[in-house]
$ cat protein28.txt   # compact mmCIF, C-alpha atoms
# COMPACT_ATOMS: atom_id res chain seq x y z
CA MET Z 16 177.73 73.13 -67.81
CA ARG Z 17 180.76 71.17 -66.64
CA ARG Z 18 180.02 68.33 -64.22
CA THR Z 19 182.11 69.93 -61.48
CA THR Z 20 180.16 73.16 -61.80
CA ALA Z 21 176.87 71.29 -61.94
CA LEU Z 22 177.75 69.42 -58.77
CA ALA Z 23 178.91 72.52 -56.94
CA VAL Z 24 175.63 74.29 -57.59
CA ALA Z 25 173.33 71.28 -57.80
CA ALA Z 26 170.98 72.81 -55.27
CA VAL Z 27 170.44 75.97 -57.34
CA VAL Z 28 166.87 77.22 -57.32
CA THR Z 29 164.85 79.90 -59.04
CA VAL Z 30 166.27 83.40 -58.97
CA GLY Z 31 163.81 86.18 -58.17
CA LEU Z 32 161.25 83.73 -56.81
CA ALA Z 33 157.71 84.98 -56.38
CA ALA Z 34 156.40 82.44 -53.88
CA PRO Z 35 152.73 81.66 -53.38
CA ALA Z 36 151.19 81.30 -49.96
CA ALA Z 37 152.26 78.18 -48.06
CA ALA Z 38 150.06 75.14 -48.40
CA THR Z 39 147.46 74.55 -45.71
CA THR Z 40 146.35 71.11 -46.86
CA GLY Z 41 148.16 68.15 -48.30
CA VAL Z 42 150.54 65.46 -47.10
CA ALA Z 43 152.25 66.21 -43.80
CA ILE Z 44 155.85 65.03 -43.44
CA SER Z 45 157.11 63.53 -40.18
CA MET Z 46 160.60 64.06 -38.83
CA PRO Z 47 162.52 60.90 -37.91
CA GLY Z 48 163.33 60.47 -34.23
CA LEU Z 49 166.61 61.63 -32.75
CA SER Z 50 169.32 59.00 -32.36
CA GLY Z 51 171.32 60.67 -29.57
CA HIS Z 52 170.91 60.54 -25.81
CA HIS Z 53 169.97 64.18 -25.26
CA ALA Z 54 166.80 66.18 -25.62
CA VAL Z 55 167.34 69.14 -27.94
CA GLY Z 56 166.56 72.84 -27.69
CA THR Z 57 166.71 75.46 -30.41
CA LEU Z 58 166.59 79.18 -31.14
CA GLU Z 59 167.07 81.50 -34.10
CA LEU Z 60 169.41 84.46 -34.19
CA HIS Z 61 169.29 87.50 -36.44
CA LEU Z 62 172.88 88.70 -36.78
CA VAL Z 63 173.93 91.96 -38.45
CA ASP Z 64 177.53 92.54 -39.50
CA ARG Z 65 179.20 95.94 -39.46
CA GLY Z 66 180.48 95.44 -42.98
CA PRO Z 67 178.57 95.85 -46.25
CA ASP Z 68 176.63 93.09 -47.92
CA PRO Z 69 178.61 91.91 -50.97
CA TRP Z 70 175.38 91.71 -52.99
CA ARG Z 71 173.90 94.97 -51.69
CA PRO Z 72 176.85 97.23 -50.74
CA ALA Z 73 174.55 99.97 -49.44
CA ASP Z 74 173.23 97.55 -46.80
CA ARG Z 75 174.90 95.86 -43.87
CA ARG Z 76 175.26 92.10 -44.13
CA GLU Z 77 172.51 90.18 -42.31
CA VAL Z 78 172.62 86.47 -41.48
CA MET Z 79 169.95 84.22 -39.98
CA VAL Z 80 171.14 81.20 -38.03
CA THR Z 81 169.54 78.34 -36.15
CA VAL Z 82 171.28 77.24 -32.95
CA THR Z 83 170.48 73.72 -31.76
CA TYR Z 84 171.84 72.38 -28.48
CA PRO Z 85 171.53 69.56 -25.92
CA ALA Z 86 168.80 70.37 -23.41
CA HIS Z 87 168.07 69.26 -19.86
CA ARG Z 88 164.61 68.04 -20.83
CA SER Z 89 161.98 68.31 -23.55
CA ASP Z 90 160.39 71.54 -22.36
CA GLY Z 91 158.77 74.03 -24.71
CA ALA Z 92 156.94 73.73 -28.01
CA ARG Z 93 158.39 71.74 -30.89
CA ALA Z 94 159.93 74.16 -33.35
CA PRO Z 95 158.61 74.32 -36.92
CA TRP Z 96 160.71 72.70 -39.63
CA MET Z 97 160.38 75.90 -41.64
CA THR Z 98 158.65 79.25 -41.28
CA SER Z 99 155.70 80.15 -43.50
CA GLY Z 100 157.83 82.21 -45.88
CA VAL Z 101 160.39 79.46 -46.35
CA ALA Z 102 157.63 76.83 -46.66
CA ALA Z 103 156.06 78.86 -49.49
CA ALA Z 104 159.39 79.02 -51.32
CA VAL Z 105 159.97 75.29 -50.86
CA GLU Z 106 156.47 74.55 -52.15
CA ALA Z 107 157.06 76.63 -55.28
CA GLU Z 108 160.38 74.92 -55.93
CA ALA Z 109 159.06 71.41 -55.25
CA ALA Z 110 156.23 71.92 -57.76
CA LYS Z 111 158.67 72.21 -60.65
CA PRO Z 112 158.77 69.05 -62.79
CA GLU Z 113 162.54 69.04 -62.81
CA VAL Z 114 162.63 69.11 -58.98
CA LEU Z 115 159.83 66.98 -57.45
CA GLY Z 116 156.78 67.69 -59.55
CA ALA Z 117 154.67 67.94 -56.37
CA PRO Z 118 151.58 69.98 -57.32
CA SER Z 119 150.93 73.12 -55.31
CA GLY Z 120 148.89 72.23 -52.22
CA SER Z 121 149.76 68.51 -52.34
CA VAL Z 122 152.30 68.77 -49.50
CA ASP Z 123 151.90 70.81 -46.34
CA TRP Z 124 155.51 71.89 -45.99
CA GLY Z 125 154.68 74.17 -43.08
CA ALA Z 126 153.03 71.53 -40.90
CA THR Z 127 156.13 69.55 -39.90
CA ARG Z 128 157.58 70.00 -36.44
CA ARG Z 129 161.14 69.28 -35.42
CA HIS Z 130 162.00 67.37 -32.27
CA ALA Z 131 163.96 70.41 -31.09
CA ARG Z 132 162.08 72.56 -28.58
CA THR Z 133 162.03 76.33 -28.28
CA GLY Z 134 163.00 77.66 -24.87
CA ALA Z 135 164.35 74.34 -23.58
CA PRO Z 136 166.94 74.73 -20.80
CA VAL Z 137 170.56 74.33 -21.94
CA LEU Z 138 172.51 71.31 -20.74
CA GLY Z 139 176.26 71.22 -20.17
CA ARG Z 140 179.20 72.43 -22.25
CA TRP Z 141 179.84 71.13 -25.77
CA PRO Z 142 181.95 71.46 -28.90
CA VAL Z 143 180.46 73.75 -31.53
CA VAL Z 144 179.84 72.79 -35.17
CA LEU Z 145 178.81 75.24 -37.92
CA PHE Z 146 176.80 74.10 -40.96
CA SER Z 147 176.49 75.67 -44.43
CA PRO Z 148 173.77 74.49 -46.87
CA GLY Z 149 174.05 73.98 -50.62
CA PHE Z 150 174.02 76.78 -53.17
CA GLY Z 151 170.50 78.13 -53.50
CA SER Z 152 169.21 75.77 -50.83
CA ALA Z 153 167.97 76.63 -47.33
CA ARG Z 154 169.40 75.81 -43.93
CA GLU Z 155 165.97 74.45 -42.96
CA LEU Z 156 166.39 71.55 -45.40
CA ASN Z 157 169.12 70.08 -43.21
CA ALA Z 158 167.36 70.61 -39.88
CA GLY Z 159 166.86 66.89 -39.26
CA LEU Z 160 170.56 66.12 -39.63
CA ASN Z 161 171.61 69.05 -37.45
CA ASP Z 162 169.07 68.30 -34.72
CA ASP Z 163 170.33 64.73 -34.58
CA LEU Z 164 173.94 65.88 -34.25
CA ALA Z 165 172.92 68.15 -31.37
CA SER Z 166 171.25 65.18 -29.65
CA ARG Z 167 174.66 63.50 -29.65
CA GLY Z 168 176.33 66.29 -27.70
CA TYR Z 169 177.07 69.29 -29.92
CA VAL Z 170 175.93 72.87 -30.27
CA VAL Z 171 175.10 73.04 -33.99
CA VAL Z 172 174.81 76.40 -35.71
CA SER Z 173 173.20 76.33 -39.16
CA MET Z 174 173.48 79.37 -41.43
CA SER Z 175 171.51 80.88 -44.30
CA HIS Z 176 173.42 82.90 -46.91
CA THR Z 177 171.30 85.95 -47.69
CA HIS Z 178 170.56 86.78 -51.35
CA GLU Z 179 171.77 83.31 -52.36
CA SER Z 180 169.69 80.92 -50.21
CA LEU Z 181 166.30 79.76 -51.49
CA ALA Z 182 164.56 82.02 -48.98
CA VAL Z 183 165.68 83.72 -45.80
CA GLU Z 184 162.92 84.80 -43.44
CA PHE Z 185 163.83 87.48 -40.91
CA PRO Z 186 161.91 88.45 -37.79
CA GLY Z 187 158.67 90.21 -38.66
CA GLY Z 188 158.07 88.06 -41.73
CA ARG Z 189 160.44 89.78 -44.17
CA VAL Z 190 161.51 87.19 -46.75
CA VAL Z 191 164.59 87.69 -48.93
CA PRO Z 192 164.60 85.59 -52.13
CA PRO Z 193 167.71 84.59 -54.09
CA SER Z 194 169.18 87.02 -56.59
CA VAL Z 195 172.51 85.40 -57.46
CA ASP Z 196 173.10 84.11 -60.99
CA PRO Z 197 174.80 80.69 -60.72
CA SER Z 198 175.80 80.82 -64.39
CA ASP Z 199 178.00 83.87 -63.78
CA PRO Z 200 181.54 82.79 -62.76
CA ALA Z 201 182.22 86.08 -61.02
CA GLN Z 202 179.08 85.73 -58.92
CA LEU Z 203 180.04 82.17 -57.96
CA THR Z 204 183.35 83.48 -56.65
CA THR Z 205 181.60 86.29 -54.75
CA ALA Z 206 179.16 83.76 -53.30
CA LEU Z 207 182.00 81.61 -51.99
CA ASP Z 208 183.70 84.63 -50.40
CA ALA Z 209 180.40 85.77 -48.88
CA ARG Z 210 179.81 82.31 -47.44
CA VAL Z 211 183.25 82.14 -45.86
CA GLY Z 212 182.71 85.64 -44.50
CA ASP Z 213 179.37 84.57 -43.02
CA THR Z 214 180.96 81.53 -41.39
CA ARG Z 215 183.73 83.51 -39.75
CA PHE Z 216 181.33 86.29 -38.71
CA VAL Z 217 178.95 83.80 -37.08
CA LEU Z 218 181.84 82.28 -35.13
CA ASP Z 219 182.74 85.80 -33.94
CA GLN Z 220 179.16 86.27 -32.69
CA LEU Z 221 179.25 82.95 -30.87
CA ALA Z 222 182.34 84.22 -29.07
CA ARG Z 223 180.32 87.26 -27.99
CA ILE Z 224 177.62 84.97 -26.59
CA ALA Z 225 180.27 82.98 -24.73
CA ARG Z 226 181.39 86.25 -23.13
CA GLY Z 227 177.85 87.00 -21.96
CA ASP Z 228 176.73 89.35 -24.76
CA ASN Z 229 173.58 89.04 -26.83
CA PRO Z 230 174.25 89.81 -30.53
CA ASP Z 231 170.69 89.17 -31.69
CA ALA Z 232 169.49 92.22 -33.63
CA GLU Z 233 166.09 92.15 -31.88
CA HIS Z 234 167.74 91.42 -28.52
CA ASP Z 235 165.43 88.47 -27.97
CA PRO Z 236 166.44 86.69 -24.75
CA LEU Z 237 168.84 83.78 -25.08
CA PRO Z 238 168.30 80.50 -23.24
CA ARG Z 239 169.93 80.57 -19.83
CA GLY Z 240 173.32 78.88 -19.94
CA LEU Z 241 173.83 79.13 -23.70
CA GLY Z 242 177.09 81.07 -23.39
CA ARG Z 243 178.53 78.52 -20.95
CA ALA Z 244 177.52 75.71 -23.31
CA LEU Z 245 179.76 76.98 -26.13
CA ASP Z 246 183.19 75.37 -25.97
CA LEU Z 247 184.92 77.42 -28.65
CA SER Z 248 188.22 75.65 -28.11
CA ARG Z 249 186.67 72.77 -30.11
CA VAL Z 250 185.01 73.96 -33.34
CA GLY Z 251 184.01 71.99 -36.41
CA VAL Z 252 182.48 73.04 -39.72
CA PHE Z 253 180.65 71.08 -42.40
CA GLY Z 254 178.31 71.64 -45.27
CA HIS Z 255 176.43 70.15 -48.18
CA SER Z 256 177.37 70.79 -51.83
CA TYR Z 257 178.69 74.38 -52.08
CA GLY Z 258 178.47 74.36 -48.29
CA GLY Z 259 181.07 71.58 -48.22
CA PHE Z 260 183.35 73.75 -50.34
CA THR Z 261 182.59 76.59 -47.91
CA ALA Z 262 183.71 74.41 -45.00
CA GLY Z 263 187.07 73.71 -46.61
CA GLU Z 264 187.72 77.33 -47.55
CA ALA Z 265 186.73 78.51 -44.07
CA MET Z 266 189.33 76.15 -42.60
CA VAL Z 267 191.99 77.51 -44.96
CA ARG Z 268 191.26 81.10 -43.97
CA ASP Z 269 190.57 80.66 -40.25
CA ARG Z 270 192.49 78.36 -37.93
CA ARG Z 271 189.76 78.46 -35.31
CA PHE Z 272 188.08 75.64 -37.26
CA ASP Z 273 189.60 72.38 -36.07
CA ALA Z 274 187.95 69.80 -38.35
CA GLY Z 275 185.58 69.76 -41.31
CA ILE Z 276 183.45 67.70 -43.67
CA ASN Z 277 182.61 68.32 -47.32
CA VAL Z 278 179.35 66.52 -48.12
CA ASP Z 279 179.23 65.92 -51.89
CA GLY Z 280 180.45 69.33 -53.01
CA ALA Z 281 182.93 70.13 -55.78
CA MET Z 282 185.56 72.62 -54.62
CA ALA Z 283 185.73 75.16 -57.44
CA HIS Z 284 184.20 78.55 -58.14
CA GLY Z 285 184.25 80.91 -61.09
CA ALA Z 286 187.97 81.62 -60.74
CA GLY Z 287 188.95 77.95 -60.59
CA PRO Z 288 189.74 75.51 -57.77
CA GLY Z 289 189.66 76.76 -54.22
CA GLU Z 290 192.63 77.25 -51.92
CA VAL Z 291 191.66 74.14 -50.00
CA VAL Z 292 192.27 72.16 -53.19
CA THR Z 293 195.66 73.62 -54.04
CA ARG Z 294 197.00 73.95 -50.49
CA GLY Z 295 195.25 71.19 -48.56
CA LEU Z 296 194.86 71.38 -44.79
CA ASP Z 297 196.91 70.34 -41.78
CA ARG Z 298 193.73 69.53 -39.85
CA PRO Z 299 191.20 66.68 -40.27
CA PHE Z 300 188.92 66.82 -43.29
CA MET Z 301 186.52 64.25 -44.68
CA LEU Z 302 184.95 63.93 -48.12
CA VAL Z 303 181.51 62.30 -48.35
CA GLY Z 304 180.23 61.37 -51.79
CA ALA Z 305 177.20 59.86 -53.49
CA ASP Z 306 176.54 58.43 -56.96
CA PHE Z 307 175.79 60.45 -60.06
CA VAL Z 308 173.64 58.83 -62.73
CA ASP Z 309 174.22 60.20 -66.23
CA PRO Z 310 170.76 61.27 -67.50
CA VAL Z 311 171.71 60.35 -71.08
CA THR Z 312 173.46 57.01 -70.71
CA GLY Z 313 172.17 55.88 -67.32
CA ALA Z 314 175.73 55.08 -66.27
CA ARG Z 315 176.61 55.44 -62.60
CA VAL Z 316 179.66 57.43 -61.54
CA GLU Z 317 180.82 57.60 -57.94
CA HIS Z 318 181.80 60.99 -56.59
CA SER Z 319 185.20 60.33 -55.06
CA HIS Z 320 188.83 61.37 -55.37
CA ARG Z 321 189.23 58.35 -57.66
CA THR Z 322 187.03 59.85 -60.40
CA PRO Z 323 188.87 62.95 -61.65
CA GLU Z 324 186.89 62.83 -64.89
CA PHE Z 325 183.82 63.66 -62.80
CA ASP Z 326 185.29 65.99 -60.18
CA PRO Z 327 188.97 66.95 -60.62
CA THR Z 328 188.86 69.10 -57.46
CA TRP Z 329 188.57 66.10 -55.14
CA ALA Z 330 191.32 64.27 -57.03
CA ARG Z 331 193.63 67.25 -56.77
CA PHE Z 332 192.82 67.92 -53.12
CA TRP Z 333 193.54 64.36 -51.99
CA PRO Z 334 197.37 64.32 -52.28
CA ASN Z 335 197.58 67.89 -50.96
CA GLN Z 336 195.68 67.08 -47.76
CA ARG Z 337 198.28 66.84 -45.00
CA GLY Z 338 195.97 66.21 -42.05
CA TRP Z 339 193.76 63.20 -41.27
CA LYS Z 340 191.55 62.36 -44.25
CA ARG Z 341 188.88 59.92 -45.36
CA ASP Z 342 186.75 59.61 -48.51
CA LEU Z 343 183.41 58.10 -47.53
CA HIS Z 344 181.01 56.91 -50.21
CA PHE Z 345 177.27 56.13 -50.08
CA ASP Z 346 176.47 53.53 -52.74
CA ARG Z 347 173.19 54.19 -54.57
CA GLY Z 348 172.89 57.48 -52.71
CA THR Z 349 172.34 60.82 -54.42
CA HIS Z 350 173.36 64.43 -53.93
CA TYR Z 351 170.00 65.34 -52.40
CA GLY Z 352 170.02 62.29 -50.15
CA PHE Z 353 172.27 64.30 -47.83
CA THR Z 354 169.42 66.73 -47.12
CA ASP Z 355 166.09 66.29 -45.35
CA LEU Z 356 164.68 65.12 -48.68
CA GLN Z 357 166.15 61.71 -47.76
CA PHE Z 358 163.36 61.21 -45.22
CA ALA Z 359 160.78 63.54 -46.78
CA VAL Z 360 160.56 62.20 -50.34
CA PRO Z 361 159.80 58.56 -49.36
CA GLN Z 362 156.76 59.89 -47.48
CA LEU Z 363 155.35 61.42 -50.67
CA GLY Z 364 154.41 58.23 -52.47
CA GLY Z 365 150.98 59.53 -53.44
CA VAL Z 366 152.43 62.79 -54.72
CA VAL Z 367 155.83 62.06 -56.25
CA THR Z 368 156.31 59.26 -58.79
CA PRO Z 369 158.60 56.32 -57.93
CA GLU Z 370 160.89 57.31 -60.79
CA LYS Z 371 161.25 60.84 -59.45
CA GLN Z 372 161.83 59.53 -55.93
CA ARG Z 373 164.73 57.37 -57.16
CA GLU Z 374 166.11 60.28 -59.12
CA VAL Z 375 166.08 62.58 -56.10
CA VAL Z 376 167.12 60.31 -53.22
CA GLY Z 377 168.48 57.24 -55.03
CA GLY Z 378 168.09 53.53 -54.55
CA ILE Z 379 169.66 53.45 -51.10
CA ASP Z 380 167.37 52.48 -48.23
CA ALA Z 381 166.33 55.78 -46.64
CA ALA Z 382 166.46 54.60 -43.03
CA ARG Z 383 169.91 53.04 -43.50
CA SER Z 384 171.20 56.15 -45.24
CA LEU Z 385 170.04 58.39 -42.40
CA ALA Z 386 171.48 56.08 -39.74
CA ALA Z 387 174.83 56.04 -41.52
CA GLN Z 388 174.89 59.81 -41.94
CA HIS Z 389 174.10 60.31 -38.27
CA ASP Z 390 176.76 57.82 -37.12
CA TYR Z 391 179.58 58.87 -39.43
CA PHE Z 392 179.12 62.63 -39.11
CA ALA Z 393 178.89 62.46 -35.31
CA GLY Z 394 181.68 59.86 -35.23
CA PHE Z 395 183.96 62.19 -37.19
CA PHE Z 396 183.41 65.07 -34.78
CA ASP Z 397 183.59 62.72 -31.80
CA LEU Z 398 187.04 61.62 -32.94
CA HIS Z 399 188.45 65.05 -33.75
CA LEU Z 400 186.65 67.37 -31.32
CA LYS Z 401 186.07 65.06 -28.36
CA GLY Z 402 188.98 62.65 -28.77
CA ARG Z 403 186.57 59.70 -28.67
CA ASP Z 404 187.18 56.93 -31.19
CA THR Z 405 183.99 55.04 -32.10
CA GLY Z 406 185.95 52.69 -34.35
CA LEU Z 407 183.95 53.64 -37.45
CA PHE Z 408 186.97 54.94 -39.33
CA ARG Z 409 189.14 51.85 -39.04
CA GLY Z 410 187.30 50.11 -41.89
CA GLY Z 411 183.88 49.14 -43.20
CA SER Z 412 181.06 48.63 -40.72
CA PRO Z 413 178.54 45.76 -40.98
CA GLN Z 414 175.99 48.14 -39.48
CA HIS Z 415 176.26 50.34 -42.55
CA PRO Z 416 176.49 48.07 -45.61
CA ASP Z 417 175.79 50.91 -48.06
CA VAL Z 418 178.85 52.88 -47.01
CA ARG Z 419 182.49 52.28 -47.89
CA PHE Z 420 185.80 54.09 -47.76
CA ILE Z 421 187.52 54.98 -51.03
CA ASP Z 422 191.26 54.25 -50.72
$ encode --input "protein28.txt" --output "structure tokens"
Amino acid sequence: MRRTTALAVAAVVTVGLAAPAAATTGVAISMPGLSGHHAVGTLELHLVDRGPDPWRPADRREVMVTVTYPAHRSDGARAPWMTSGVAAAVEAEAAKPEVLGAPSGSVDWGATRRHARTGAPVLGRWPVVLFSPGFGSARELNAGLNDDLASRGYVVVSMSHTHESLAVEFPGGRVVPPSVDPSDPAQLTTALDARVGDTRFVLDQLARIARGDNPDAEHDPLPRGLGRALDLSRVGVFGHSYGGFTAGEAMVRDRRFDAGINVDGAMAHGAGPGEVVTRGLDRPFMLVGADFVDPVTGARVEHSHRTPEFDPTWARFWPNQRGWKRDLHFDRGTHYGFTDLQFAVPQLGGVVTPEKQREVVGGIDAARSLAAQHDYFAGFFDLHLKGRDTGLFRGGSPQHPDVRFID
């Protein structure tokens, strides 16, 4: 597998997963505290498109999303990190030696609670940011990052991509496992198109909410004030791995997206490089990369536009990008360090070996990595959606010694 392809689908998981029941004992993982000024509320939406599902043409396309928003106060119960069906799928995946090697039952993936509260009253009016997870991953595995962004004054909408995500649990407990073959170039192209379609469709449904409609398939009540909170004149999009590629392609195909971030994702599918690579964008776009350690030689390669031998898509995109751009690099970070594994894996010292921990989340200090991610991601959207310059993008910051800009 070429390195660019491996990077694009680095979060690929088992196809046709038969998950066991979620663990009820084992290590419980704690969510880090929120760094923003606002309490956070959350809800899930079950959205059904009128068009066919690209993987199941006889069915209509269904998408599950998590909406996280600034709240007046911390009312309501803390939302679960993941539902029981998703927790079971994560447990099965984490048990694999090539992933974490965490024995079944050693981690209680379903016990963790987010700081976001269900039913919390909505506060104010905010820019909207959509998030797309990595190929074969789950939106739940970036809940910590998205909750933190919401605490800094954003409505964050995180999507699952049905039939491709690790597990998508719908109301009533129906769980849809992945069925996409990441080794099939044609399916990779279809997956990218499906993801961009999901992103645009979700934005359409947010517009319905802003008009006072309720697009939830079960018609569950929405928090009072949610429609007024959505400022759809200021919309960002970002994603991890294939989700970062998704963000760029969504911006190419839909001008409603004003700014975007690609977090460590190569920008190619089965048919070759994406349009974002060959055309660039006239709006702000940031690349965020980590280190890749060659498993054979042990050599470290930075993922940046300066390493075309590793990822030619970033190198080709860079001169074609016409809008504001930055290439931000996390030294000693890893691909999975941009997910909730960055805070989860260091809590599994009695379950996951030190060698496996370094392999998964790198040698970067976990707390510093999280603080930098929170500051730079929010700072990017502050600059381009709120017009507020935090100064982070003028040069290196002594507060974040592990992070540097690639010229």
$ axis_aligned_box --input "protein28.txt" --around "stretch 271-283 of chain Z" --padding-each-side "4 Å" --output "lines of an AutoDock Vina configuration file"
center_x = 184.5
center_y = 72.2
center_z = -46.4
size_x = 18.5
size_y = 20.5
size_z = 30.1
$ closest_residue --input "protein28.txt" --among "Z:Asp309, Z:Asp213, Z:Asp74, Z:Glu317" --to "Z:Phe146" --atoms "only C-alpha atoms"
Z:Asp213
$ residues_around --input "protein28.txt" --residues "stretch 365-373 of chain Z" --least-positions-apart "5" --cutoff "7 Å" --atoms "only C-alpha atoms" --output "list in words"
Leu115, Gly116, Ala117, Ser121, Val360 and Gly378 of chain Z
$ atom_distance --input "protein28.txt" --atom1 "atom CA of Z:Ser198" --atom2 "atom CA of Z:His320"
25.1 Å
$ closest_atom_pairs --input "protein28.txt" --of "stretch 135-157 of chain Z" --to "stretch 201-206 of chain Z" --cutoff "12 Å" --atoms "all atoms listed in the file" --output "Markdown table"
| residue | atom | partner | partner_atom | distance |
| --- | --- | --- | --- | --- |
| Z:Gly149 | CA | Z:Ala206 | CA | 11.4 |
| Z:Phe150 | CA | Z:Ala206 | CA | 8.7 |
| Z:Gly151 | CA | Z:Ala206 | CA | 10.3 |
